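Q: Before we start, here is the structure in question, set down as structure tokens.
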Amino acid sequence: MPPEAPFQPLKPVDLILLLALAEGDRHGYALSHEVERRTEGAVRLEAGNLYRTLRRLQGEGLVGEAGRRPIGEEVTERRNYFRITPLGLQAAQAEVKRLRALIASPAVKALGRRTEPT
């Protein structure tokens, strides 16, 4: 088994986008709604921020374009779809592994046992 590529920790929004794309290709509007859903409304990406982030992820080789597709059968408008790349999948897997190790650490477990200071 080859050694894992060294990945820098991902920004939370980057990870959420990669996880959403790991489930299948999506267009920007669907991605922005998915980020909001997965964060229970805590994070809302405006179109400009979303597309800047997607362009950055494309530049890093983590996301690619999956082509333009019609919105529906009766609608002529087409949307750009994005997909996760193999490198993006590896980066997301590495980040999930890193977060699992962090959550399993004794320091995090101790947080659950601590009471508020008096």
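Within each chain, counting starts at residue 1; across the structure tokens, chains are named A, B, ... in the order shown, with ligands numbered 1 upward in that order.
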So that I can check the secondary structure, give me every residue of range 23-80 of chain A assigned helix (DSSP H, G or I) by backbone DSSP, as a list of chain:residue names.
A: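 Taking range 23-80 of chain A and keeping helix (DSSP H, G or I) only, one gets A:Gly28, A:Tyr29, A:Ala30, A:Leu31, A:Ser32, A:His33, A:Glu34, A:Val35, A:Glu36, A:Arg37, A:Arg38, A:Ala47, A:Gly48, A:Asn49, A:Leu50, A:Tyr51, A:Arg52, A:Thr53, A:Leu54, A:Arg55, A:Arg56, A:Leu57, A:Gln58, A:Gly59.
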Q: Mind checking which residues fall within 6 Å of Thr85 in chain A, counting only C-alpha atoms, ignoring those fewer than 3 positions away in the same chain, and posting them as a list in words?
A: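 Surrounding residues, per the criterion: Leu62, Val63 and Gly88 of chain A.
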Q: What gap, in Å, lies between CA of Pro6 in chain A and CA of Gln58 in chain A?
A: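 Distance reported for this atom pair: 18.3 Å.
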Q: Just how far from CA of Ala104 in chain A is CA of Pro12 in chain A, in Å to one decimal?
A: 18.6 Å
Q: Which residue is closest to Phe82 in chain A? Choose from A:Ala101, A:Ala20, A:Ala94, A:Gln8 and count only C-alpha atoms.
A: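 Residue with the minimum atom-to-atom distance to Phe82 in chain A: A:Ala20.
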Q: Nearest to Asp25 in chain A: which of A:Thr53, A:Gln90, A:Ser105, A:Asn80 is it, counting only C-alpha atoms?
A: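 Of A:Thr53, A:Gln90, A:Ser105, A:Asn80, the one nearest Asp25 in chain A, counting only C-alpha atoms, is A:Asn80.
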Q: Would you return as a list in words the members of range 1-115 of chain A that DSSP assigns to strand (DSSP E or B) on this structure's backbone?
A: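 The strand (DSSP E or B) subset of range 1-115 of chain A is Arg26, His27, Val63, Gly64, Glu65, Ala66, Gly67, Arg68, Arg69, Pro70, Arg78, Arg79, Asn80, Tyr81, Phe82, Arg83 and Ile84 of chain A.
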Q: Determine the nearest neighbour of Tyr51 in chain A from the options A:Lys97, A:Arg113, A:His27, A:His33, counting only C-alpha atoms.
A: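 Of the candidates, the smallest distance to Tyr51 in chain A is held by A:His27.
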Q: Can you tell me which residues surround Pro9 in chain A at a distance of at most 12 Å, considering only C-alpha atoms, apart from same-chain residues fewer than 5 positions away, and format the answer as a list in words?
A: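 These residues fall inside the cut-off: Asp14, Leu15, Ala91, Ala92, Gln93, Ala94, Glu95, Val96, Lys97, Arg98, Leu99 and Leu102 of chain A.
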Q: Figure out the distance between CA of Pro86 in chain A and CA of Leu57 in chain A, please, to one decimal in Å.
A: 12.7 Å
Q: Using only C-alpha atoms, find the one residue out of A:Ala30, A:Leu45, A:Val108, A:Leu50 that sits nearest to Tyr81 in chain A.
A: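 Closest to Tyr81 in chain A, using only C-alpha atoms: A:Ala30.
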